[in-house]
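Enquirer: One file is attached below, data_27.cif, containing mmCIF, C-alpha atoms.
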data_work
#
loop_
_atom_site.label_atom_id
_atom_site.label_comp_id
_atom_site.auth_asym_id
_atom_site.auth_seq_id
_atom_site.Cartn_x
_atom_site.Cartn_y
_atom_site.Cartn_z
CA MET M 651 30.74 117.25 121.17
CA ALA M 652 32.62 115.08 118.72
CA ALA M 653 34.53 111.97 119.75
CA GLU M 654 37.90 113.45 118.85
CA ASN M 655 37.25 116.34 121.22
CA ILE M 656 36.65 114.32 124.33
CA HIS M 657 40.18 114.67 125.73
CA PRO M 658 41.17 118.07 124.45
CA ILE M 659 42.85 120.94 126.23
CA PHE M 660 42.49 119.53 129.75
CA ASP M 661 45.28 117.03 129.30
CA ARG M 662 47.17 118.40 132.27
CA LEU M 663 45.44 117.04 135.37
CA LEU M 664 45.71 119.13 138.50
CA SER M 665 48.75 117.72 140.27
CA ARG M 666 49.50 117.12 143.91
CA GLN M 667 52.46 119.46 143.58
CA GLU M 668 50.28 122.34 142.39
CA ARG M 669 47.99 121.75 145.36
CA GLU M 670 50.89 121.60 147.82
CA GLN M 671 52.25 124.82 146.39
CA ARG M 672 48.85 126.50 146.81
CA LEU M 673 48.62 125.33 150.43
CA ARG M 674 52.34 125.95 150.98
CA GLN M 675 52.99 122.59 152.60
CA ASN M 676 54.37 119.19 151.77
CA ALA M 677 51.49 116.79 152.30
CA ARG M 678 52.26 113.81 154.54
CA VAL M 679 50.33 111.26 156.59
CA PHE M 680 51.20 111.38 160.30
CA TRP M 681 49.97 108.06 161.60
CA LEU M 682 49.42 108.24 165.38
CA THR M 683 49.39 104.80 166.97
CA GLY M 684 48.96 103.83 170.62
CA LEU M 685 46.68 102.18 173.14
CA SER M 686 43.06 103.14 173.73
CA GLY M 687 43.17 106.10 176.10
CA SER M 688 46.77 106.99 175.23
CA GLY M 689 45.70 110.48 174.19
CA LYS M 690 46.11 110.01 170.40
CA SER M 691 42.98 111.89 169.35
CA THR M 692 43.41 114.68 171.86
CA ILE M 693 46.97 115.22 170.63
CA ALA M 694 45.93 114.94 166.95
CA GLN M 695 43.22 117.56 167.46
CA GLY M 696 45.57 119.87 169.31
CA VAL M 697 48.18 119.56 166.56
CA GLU M 698 45.51 120.15 163.91
CA ARG M 699 44.52 123.41 165.63
CA ARG M 700 48.15 124.54 166.02
CA LEU M 701 48.97 123.72 162.38
CA PHE M 702 45.88 125.52 161.08
CA GLU M 703 46.69 128.61 163.13
CA ALA M 704 50.26 128.52 161.80
CA GLY M 705 48.85 128.70 158.25
CA TYR M 706 48.88 125.02 157.30
CA PHE M 707 45.91 122.95 156.12
CA PRO M 708 45.62 119.69 158.12
CA GLN M 709 42.87 117.11 158.54
CA VAL M 710 42.41 114.70 161.46
CA LEU M 711 41.03 111.27 160.61
CA ASP M 712 39.78 109.46 163.70
CA GLY M 713 36.96 107.37 165.04
CA ASP M 714 34.60 110.34 165.04
CA ASN M 715 34.63 110.97 161.31
CA ILE M 716 35.60 107.49 160.04
CA ARG M 717 33.83 104.92 162.21
CA SER M 718 30.55 106.80 161.92
CA GLY M 719 30.92 107.22 158.16
CA ILE M 720 32.85 105.20 155.61
CA ASN M 721 33.54 102.40 158.10
CA ASN M 722 30.08 102.25 159.68
CA ASN M 723 29.44 98.80 158.15
CA LEU M 724 32.49 97.16 159.76
CA GLY M 725 32.63 95.17 162.98
CA PHE M 726 35.55 93.96 165.08
CA SER M 727 36.45 90.64 163.45
CA LEU M 728 40.05 90.32 162.30
CA GLU M 729 38.90 90.69 158.68
CA ASP M 730 36.88 93.82 159.47
CA ARG M 731 39.76 95.34 161.45
CA GLN M 732 42.03 94.91 158.46
CA GLU M 733 39.42 96.41 156.14
CA ASN M 734 39.01 99.27 158.63
CA ILE M 735 42.70 100.15 158.42
CA ARG M 736 42.80 99.60 154.65
CA ARG M 737 40.01 102.12 154.06
CA ILE M 738 41.55 104.64 156.47
CA ALA M 739 44.86 104.36 154.61
CA GLU M 740 43.08 104.78 151.25
CA VAL M 741 41.29 107.91 152.51
CA ALA M 742 44.59 109.24 153.87
CA LYS M 743 46.16 108.64 150.45
CA LEU M 744 43.36 110.57 148.72
CA TYR M 745 43.93 113.50 151.09
CA VAL M 746 47.68 113.49 150.63
CA ASN M 747 47.14 113.51 146.87
CA SER M 748 44.88 116.53 147.45
CA GLY M 749 47.85 118.25 149.12
CA VAL M 750 46.40 118.04 152.63
CA VAL M 751 48.41 117.07 155.75
CA VAL M 752 46.73 114.11 157.46
CA LEU M 753 46.81 113.34 161.18
CA SER M 754 45.30 109.90 161.62
CA SER M 755 44.47 108.57 165.06
CA PHE M 756 43.73 104.86 165.35
CA ILE M 757 45.05 102.20 167.72
CA SER M 758 46.41 100.16 164.75
CA PRO M 759 47.95 97.66 167.18
CA THR M 760 50.21 95.44 165.06
CA ARG M 761 53.29 96.05 162.97
CA ALA M 762 51.67 94.12 160.13
CA ILE M 763 48.60 96.34 160.05
CA ARG M 764 50.68 99.54 160.13
CA GLN M 765 52.91 98.11 157.41
CA GLN M 766 49.81 97.54 155.28
CA ALA M 767 48.79 101.18 155.85
CA ALA M 768 52.31 102.37 154.95
CA GLU M 769 52.24 100.42 151.72
CA ILE M 770 48.90 101.88 150.69
CA VAL M 771 49.84 105.47 151.59
CA GLY M 772 53.37 105.05 150.21
CA GLU M 773 56.41 104.69 152.47
CA VAL M 774 57.74 108.19 151.67
CA ASP M 775 54.53 109.89 152.82
CA PHE M 776 53.90 107.70 155.87
CA MET M 777 55.23 109.04 159.17
CA GLU M 778 54.57 106.90 162.20
CA ILE M 779 54.09 108.66 165.56
CA PHE M 780 54.02 106.43 168.63
CA ILE M 781 51.87 107.84 171.43
CA ASP M 782 53.72 105.93 174.10
CA THR M 783 51.45 105.81 177.14
CA PRO M 784 51.87 102.80 179.46
CA LEU M 785 48.95 100.41 179.78
CA GLU M 786 48.70 101.14 183.53
CA VAL M 787 48.20 104.84 182.81
CA CYS M 788 45.59 104.23 180.08
CA GLU M 789 43.77 101.75 182.28
CA ALA M 790 43.84 103.99 185.37
CA ARG M 791 42.47 106.80 183.22
CA ASP M 792 39.83 104.63 181.45
CA VAL M 793 37.95 107.65 180.09
CA LYS M 794 35.34 105.55 178.26
CA GLY M 795 35.19 102.72 180.81
CA LEU M 796 36.40 100.27 178.15
CA TYR M 797 39.27 98.78 180.17
CA ALA M 798 36.90 97.93 183.03
CA LYS M 799 34.58 96.21 180.55
CA ALA M 800 37.46 94.35 178.96
CA ARG M 801 38.70 93.19 182.40
CA ARG M 802 35.21 91.94 183.17
CA GLY M 803 35.26 90.04 179.87
CA GLU M 804 32.44 92.14 178.39
CA ILE M 805 34.66 93.18 175.48
CA LYS M 806 36.75 90.50 173.79
CA GLY M 807 40.03 91.09 171.96
CA PHE M 808 40.67 94.46 173.61
CA THR M 809 44.13 95.81 172.78
CA GLY M 810 46.45 95.63 175.79
CA ILE M 811 44.16 93.28 177.75
CA ASP M 812 43.53 90.14 175.71
CA SER M 813 44.92 91.30 172.36
CA PRO M 814 48.53 92.43 171.79
CA TYR M 815 49.84 95.91 171.12
CA GLU M 816 53.14 95.93 169.24
CA ALA M 817 55.08 99.16 169.71
CA PRO M 818 56.64 100.62 166.54
CA GLU M 819 60.27 99.61 166.10
CA ASN M 820 61.51 102.69 164.32
CA PRO M 821 58.88 105.44 164.45
CA PHE M 822 59.31 108.92 163.00
CA LEU M 823 58.56 110.20 166.51
CA SER M 824 57.85 108.77 169.96
CA ILE M 825 55.93 110.72 172.59
CA PRO M 826 56.27 109.41 176.17
CA THR M 827 53.10 111.15 177.33
CA ALA M 828 53.32 109.98 180.95
CA GLU M 829 56.20 112.41 181.46
CA MET M 830 54.55 115.52 180.04
CA SER M 831 51.39 117.61 179.83
CA VAL M 832 49.04 117.42 176.84
CA GLU M 833 50.26 120.86 175.82
CA GLU M 834 53.87 119.63 175.80
CA ALA M 835 52.92 116.53 173.80
CA VAL M 836 51.08 118.66 171.23
CA GLU M 837 54.04 121.02 171.01
CA GLN M 838 56.53 118.20 170.41
CA VAL M 839 54.41 116.66 167.66
CA PHE M 840 53.73 120.08 166.13
CA GLU M 841 57.43 120.93 165.98
CA ALA M 842 58.32 117.64 164.31
CA VAL M 843 55.41 117.90 161.86
CA ILE M 844 56.22 121.41 160.66
CA ARG M 845 59.83 120.41 160.01
CA ALA M 846 58.53 117.61 157.77
CA ILE M 847 55.89 119.62 155.88
CA GLN M 848 57.65 122.98 155.53
CA TRP M 849 57.31 124.27 151.99
CA THR M 850 60.35 125.63 150.20
CA GLU M 851 60.10 127.05 146.68
CA MET F 1030 49.51 113.42 181.75
CA ALA F 1031 46.72 113.15 184.31
CA ALA F 1032 43.25 111.90 183.48
CA GLU F 1033 41.62 115.27 184.17
CA ASN F 1034 43.90 116.86 181.57
CA ILE F 1035 42.98 114.67 178.66
CA HIS F 1036 40.43 117.06 177.14
CA PRO F 1037 41.93 120.38 178.08
CA ILE F 1038 42.41 123.52 176.03
CA PHE F 1039 41.65 121.93 172.66
CA ASP F 1040 37.92 121.82 173.25
CA ARG F 1041 37.24 123.83 170.12
CA LEU F 1042 37.61 121.42 167.20
CA LEU F 1043 38.64 122.92 163.90
CA SER F 1044 35.34 123.61 162.16
CA ARG F 1045 34.25 123.32 158.56
CA GLN F 1046 33.47 127.04 158.59
CA GLU F 1047 37.03 127.95 159.60
CA ARG F 1048 38.32 125.78 156.76
CA GLU F 1049 35.92 127.32 154.24
CA GLN F 1050 36.96 130.77 155.35
CA ARG F 1051 40.63 129.84 154.89
CA LEU F 1052 39.96 128.51 151.39
CA ARG F 1053 37.46 131.29 150.69
CA GLN F 1054 34.78 129.00 149.33
CA ASN F 1055 31.57 127.34 150.41
CA ALA F 1056 32.25 123.62 150.17
CA ARG F 1057 29.70 121.64 148.18
CA VAL F 1058 29.50 118.27 146.42
CA PHE F 1059 28.77 118.60 142.69
CA TRP F 1060 27.58 115.16 141.73
CA LEU F 1061 27.99 114.62 137.97
CA THR F 1062 25.79 111.82 136.67
CA GLY F 1063 25.41 110.51 133.11
CA LEU F 1064 26.03 107.56 130.83
CA SER F 1065 29.42 105.95 130.27
CA GLY F 1066 31.14 108.10 127.65
CA SER F 1067 28.96 111.14 128.33
CA GLY F 1068 32.04 113.21 129.11
CA LYS F 1069 31.54 113.45 132.89
CA SER F 1070 35.17 112.98 133.90
CA THR F 1071 36.54 115.18 131.13
CA ILE F 1072 34.18 117.96 132.20
CA ALA F 1073 34.91 117.41 135.92
CA GLN F 1074 38.65 117.64 135.28
CA GLY F 1075 38.25 120.76 133.14
CA VAL F 1076 36.13 122.42 135.83
CA GLU F 1077 38.64 121.39 138.51
CA ARG F 1078 41.42 123.11 136.56
CA ARG F 1079 39.32 126.24 135.94
CA LEU F 1080 38.31 126.47 139.62
CA PHE F 1081 41.87 125.99 140.86
CA GLU F 1082 43.13 128.69 138.53
CA ALA F 1083 40.38 131.02 139.74
CA GLY F 1084 41.70 130.56 143.30
CA TYR F 1085 39.36 127.84 144.59
CA PHE F 1086 40.35 124.46 146.03
CA PRO F 1087 38.45 121.60 144.31
CA GLN F 1088 38.90 117.85 144.19
CA VAL F 1089 37.64 115.45 141.51
CA LEU F 1090 36.55 112.02 142.69
CA ASP F 1091 36.26 109.57 139.80
CA GLY F 1092 37.08 106.04 138.76
CA ASP F 1093 40.78 106.83 138.56
CA ASN F 1094 41.26 107.65 142.22
CA ILE F 1095 38.34 105.70 143.76
CA ARG F 1096 38.03 102.41 141.88
CA SER F 1097 41.76 101.79 142.12
CA GLY F 1098 41.85 102.68 145.80
CA ILE F 1099 39.16 102.59 148.44
CA ASN F 1100 36.77 100.66 146.19
CA ASN F 1101 39.29 98.19 144.75
CA ASN F 1102 37.63 95.30 146.60
CA LEU F 1103 34.19 95.83 145.02
CA GLY F 1104 32.72 94.11 141.99
CA PHE F 1105 29.64 94.86 139.92
CA SER F 1106 26.89 93.01 141.79
CA LEU F 1107 23.94 95.16 142.84
CA GLU F 1108 25.18 95.04 146.45
CA ASP F 1109 28.70 96.08 145.45
CA ARG F 1110 27.38 98.91 143.26
CA GLN F 1111 25.45 100.27 146.21
CA GLU F 1112 28.48 99.97 148.48
CA ASN F 1113 30.54 101.69 145.76
CA ILE F 1114 28.26 104.73 145.78
CA ARG F 1115 27.94 104.69 149.58
CA ARG F 1116 31.71 104.91 150.02
CA ILE F 1117 32.05 107.62 147.37
CA ALA F 1118 29.38 109.67 149.15
CA GLU F 1119 31.13 109.15 152.51
CA VAL F 1120 34.46 110.29 151.04
CA ALA F 1121 32.72 113.30 149.47
CA LYS F 1122 31.23 114.13 152.87
CA LEU F 1123 34.67 113.98 154.52
CA TYR F 1124 36.02 116.39 151.89
CA VAL F 1125 33.14 118.82 152.23
CA ASN F 1126 33.68 118.81 156.00
CA SER F 1127 37.33 119.63 155.22
CA GLY F 1128 36.09 122.69 153.33
CA VAL F 1129 36.96 121.31 149.89
CA VAL F 1130 34.70 121.58 146.81
CA VAL F 1131 34.05 118.09 145.41
CA LEU F 1132 33.39 117.23 141.77
CA SER F 1133 32.35 113.59 141.68
CA SER F 1134 32.04 111.75 138.38
CA PHE F 1135 30.25 108.40 138.45
CA ILE F 1136 27.45 107.01 136.28
CA SER F 1137 25.21 106.56 139.38
CA PRO F 1138 22.36 105.41 137.12
CA THR F 1139 19.28 105.32 139.35
CA ARG F 1140 17.36 107.93 141.29
CA ALA F 1141 17.45 105.66 144.32
CA ILE F 1142 21.24 105.43 144.31
CA ARG F 1143 21.66 109.20 143.88
CA GLN F 1144 19.12 109.75 146.64
CA GLN F 1145 21.21 107.52 148.90
CA ALA F 1146 24.29 109.63 148.07
CA ALA F 1147 22.36 112.86 148.74
CA GLU F 1148 21.27 111.59 152.14
CA ILE F 1149 24.83 110.67 153.13
CA VAL F 1150 26.33 113.95 151.90
CA GLY F 1151 23.38 115.98 153.21
CA GLU F 1152 20.75 117.46 150.90
CA VAL F 1153 21.97 121.06 151.35
CA ASP F 1154 25.49 120.22 150.16
CA PHE F 1155 24.51 117.87 147.34
CA MET F 1156 24.23 119.48 143.89
CA GLU F 1157 23.28 117.14 141.07
CA ILE F 1158 24.65 117.89 137.59
CA PHE F 1159 23.20 115.88 134.73
CA ILE F 1160 25.67 115.35 131.89
CA ASP F 1161 22.96 114.84 129.33
CA THR F 1162 24.54 113.06 126.38
CA PRO F 1163 22.22 110.80 124.32
CA LEU F 1164 22.96 107.08 124.30
CA GLU F 1165 23.51 107.16 120.50
CA VAL F 1166 26.26 109.74 120.92
CA CYS F 1167 27.97 107.86 123.77
CA GLU F 1168 27.73 104.60 121.84
CA ALA F 1169 29.01 106.10 118.57
CA ARG F 1170 31.93 107.57 120.52
CA ASP F 1171 32.63 104.39 122.56
CA VAL F 1172 36.04 105.63 123.74
CA LYS F 1173 36.77 102.52 125.82
CA GLY F 1174 35.03 100.02 123.52
CA LEU F 1175 32.62 99.15 126.33
CA TYR F 1176 29.39 99.64 124.36
CA ALA F 1177 30.60 97.24 121.65
CA LYS F 1178 31.39 94.66 124.34
CA ALA F 1179 28.01 95.19 125.99
CA ARG F 1180 26.22 94.81 122.64
CA ARG F 1181 28.09 91.54 122.07
CA GLY F 1182 26.94 90.41 125.54
CA GLU F 1183 30.50 90.36 126.90
CA ILE F 1184 29.53 92.81 129.64
CA LYS F 1185 26.28 92.24 131.51
CA GLY F 1186 24.19 94.92 133.17
CA PHE F 1187 25.77 97.79 131.22
CA THR F 1188 23.98 101.09 131.82
CA GLY F 1189 21.98 102.17 128.75
CA ILE F 1190 22.20 98.74 127.08
CA ASP F 1191 20.76 96.10 129.40
CA SER F 1192 20.52 98.15 132.59
CA PRO F 1193 18.47 101.36 132.96
CA TYR F 1194 19.68 104.93 133.27
CA GLU F 1195 17.21 107.20 135.03
CA ALA F 1196 17.73 110.88 134.25
CA PRO F 1197 17.56 113.26 137.24
CA GLU F 1198 14.13 114.83 137.62
CA ASN F 1199 15.20 118.13 139.11
CA PRO F 1200 18.97 118.57 138.83
CA PHE F 1201 20.88 121.65 139.95
CA LEU F 1202 22.17 121.85 136.37
CA SER F 1203 21.70 120.01 133.07
CA ILE F 1204 24.34 120.05 130.35
CA PRO F 1205 23.14 118.96 126.89
CA THR F 1206 26.64 118.17 125.68
CA ALA F 1207 25.61 117.11 122.17
CA GLU F 1208 24.94 120.76 121.35
CA MET F 1209 28.24 122.22 122.57
CA SER F 1210 32.01 121.83 122.69
CA VAL F 1211 33.79 120.42 125.75
CA GLU F 1212 35.07 123.92 126.44
CA GLU F 1213 31.52 125.28 126.46
CA ALA F 1214 30.31 122.47 128.73
CA VAL F 1215 33.17 123.15 131.17
CA GLU F 1216 32.40 126.87 131.11
CA GLN F 1217 28.72 126.34 131.85
CA VAL F 1218 29.45 124.04 134.80
CA PHE F 1219 32.20 126.37 136.06
CA GLU F 1220 29.89 129.40 136.02
CA ALA F 1221 27.16 127.58 137.92
CA VAL F 1222 29.64 126.14 140.43
CA ILE F 1223 31.29 129.44 141.31
CA ARG F 1224 27.88 131.04 141.93
CA ALA F 1225 27.18 128.26 144.44
CA ILE F 1226 30.55 128.28 146.23
CA GLN F 1227 31.34 132.00 146.25
CA TRP F 1228 32.54 133.08 149.67
CA THR F 1229 31.11 136.19 151.24
CA GLU F 1230 32.33 137.41 154.63
#
Represent the structure from my file as C-alpha cells, please.
Expert:
Amino acid sequence: MAAENIHPIFDRLLSRQEREQRLRQNARVFWLTGLSGSGKSTIAQGVERRLFEAGYFPQVLDGDNIRSGINNNLGFSLEDRQENIRRIAEVAKLYVNSGVVVLSSFISPTRAIRQQAAEIVGEVDFMEIFIDTPLEVCEARDVKGLYAKARRGEIKGFTGIDSPYEAPENPFLSIPTAEMSVEEAVEQVFEAVIRAIQWTE
Amino acid sequence: MAAENIHPIFDRLLSRQEREQRLRQNARVFWLTGLSGSGKSTIAQGVERRLFEAGYFPQVLDGDNIRSGINNNLGFSLEDRQENIRRIAEVAKLYVNSGVVVLSSFISPTRAIRQQAAEIVGEVDFMEIFIDTPLEVCEARDVKGLYAKARRGEIKGFTGIDSPYEAPENPFLSIPTAEMSVEEAVEQVFEAVIRAIQWTE
C-alpha cells in the first residue's frame, strides 16, 4: 500500500460513547476501599453478578486477577504499593474507555493513594465506595489469618495494625457492613451503581 | 455481617463463558506483529471498526492507549522492552477473560518475546498475525520520520536498522501488505478473525 493511503477511511476511531451505547451503560470505575477482611471482594463479586443479570457488563478487578497477573512482579515496599495502585488505575481506565463498568476491590489505605487513582482514571469516572467495617470485626473474622500474623509481627506494615487506614472523607457511597447482611450490602451498592450507570438515549 | 456469611450465595463467579455468550463471540487475542510503519495499527483500527459494526465487541491495544498509560514508566532497555510486552500480554489476558476480542498492535520483534506473550495469554487464545511489509517499504514511507533518525544514529536499537526483526515461523495469518490496499488488508484480517471468534450455541 502506498504511503498516502496509510491513514485512509478509518479516521474515525471507535469511541467510548459508541461502546457505551452498545452495552447500554455509562462506564464508571467504582473503587471499593476498606480494610483487609472488610468484605470488599465478596461485595464486588455479588454486585458484578447482579449487574450482569440485570443486563449490564461489569468487570471486577481484585487481587485474584491483578496480583497474580500484571502486578505479579511487585512486592510490598511503599514504592511497589504505589506502582500497584497506579497500574490498577491504568487498567481501570482502559476498561472504562472500552465502555465497561469496573468494580475494583483493593485496600488502597490512604487518601493520597486513592487521589492518585482518581487522577489517573479521571475524577468524573471515579466513584469511591467505602466498605466501612470496623477493625475489630475484620480482625475477629480474620478469614485468611493475616491479622493474627500481623499481631505476632510476622507481617510488617499491615493496614489497621501497624500501618494506617484513612477513611474516605467524601465517598460516593458508604456501606456500614457490620449492621447488615452481605445480601443487603450488595443490594445497596447495586442500587447506587445502576443509578450512576443507567443509559439514556 | 458474621464471619460465616462472608462467602455466601455469590459462590458462582461470573465466568468468561457467560461473558462470551452475552457478547456472542469467542474471545481471542489477535497479536499483530511487524516493523514500525508496516501498517499494524491502521489495520487493527480498521478491523476493530469492521468487527464492531458487524456486532462484535473488540478492543485495540496499541501504543496510543498502552505507552501513554500503564507502560508510561518504561524505557527502551532490553529489560523494559520485555516488561512492556509482559504487561501488554497481561492486559490482553484480562480482556480475553472479560470476553472481549483483543487486537494488539506492537512491533514485538523477536520470537522469544512473542512466545513470552503467548505463554501469558495462553497458547489457545493467542493468534499471531504477521503484518508482512518489507523494510524498504516501511522505510520509504517513514510516516513518523523514525527510520531517518535511526539511519542518522539518533535512535539506537531500532528494529530493522540496528536491531533484528524475526518474522513469525507459523503465524495464524500473514498479510503481505505491499501487494494490497489498506482496505484489502483490513478485509482479509476481518474475515479470518470472524471465523475464529464466531459464536455458536
Enquirer: Between M:Ile735, M:Leu663, M:Leu685, M:Val746, which residue has the minimum interatomic distance to Gly810 of chain M, considering all atoms listed in the file?
Expert: M:Leu685
Enquirer: List the residues selected by the PyMOL selection byres ((chain F) within 9 of (chain M)) in the file shown, writing them as a ChimeraX atom specification.
Expert: /F:1030-1043,1048,1051,1066,1068,1071-1072,1074-1075,1077-1078,1081,1084,1086-1088,1094-1095,1098-1100,1115-1120,1122-1124,1127,1149,1166-1167,1169-1172,1206-1212
Enquirer: Measure the distance from atom CA of Phe822 of chain M to atom CA of Thr850 of chain M in Å and round it to one decimal.
Expert: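 Straight-line distance from atom CA of Phe822 of chain M to atom CA of Thr850 of chain M works out to 21.1 Å.
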Enquirer: Provide the atom CA of Gln848 of chain M to atom CA of Met777 of chain M distance in Å, to one decimal place.
Expert: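 Distance between the two atoms: 14.6 Å.
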Enquirer: Please return as a list in words every residue within 10 Å of (61.0, 103.7, 164.2), taking into account only C-alpha atoms and the file's own coordinates.
Expert: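 Within the cut-off we find Met777, Glu778, Ile779, Phe780, Ala817, Pro818, Glu819, Asn820, Pro821, Phe822, Leu823 and Ser824 of chain M.
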Enquirer: Show me the residues close to (47.5, 103.0, 161.2) - anything with an atom within 8 Å, counting only C-alpha atoms - and format the list as a tab-separated table (two decimals) with C-alpha atoms, in the frame of the given file.
Expert:
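And here is the file that came out, out.tsv:
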chain	number	residue	atom	x	y	z
M	681	TRP	CA	49.97	108.06	161.60
M	682	LEU	CA	49.42	108.24	165.38
M	683	THR	CA	49.39	104.80	166.97
M	735	ILE	CA	42.70	100.15	158.42
M	738	ILE	CA	41.55	104.64	156.47
M	739	ALA	CA	44.86	104.36	154.61
M	754	SER	CA	45.30	109.90	161.62
M	755	SER	CA	44.47	108.57	165.06
M	756	PHE	CA	43.73	104.86	165.35
M	757	ILE	CA	45.05	102.20	167.72
M	758	SER	CA	46.41	100.16	164.75
M	763	ILE	CA	48.60	96.34	160.05
M	764	ARG	CA	50.68	99.54	160.13
M	767	ALA	CA	48.79	101.18	155.85
M	768	ALA	CA	52.31	102.37	154.95
Enquirer: Give the answer as one residue: which of M:Val771, M:Ile825, M:Gly807, M:Arg761 has the shortest atom-to-atom distance to Ala842 of chain M, using all atoms listed in the file?
Expert: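 Among the listed residues, the smallest separation from Ala842 of chain M belongs to M:Ile825.
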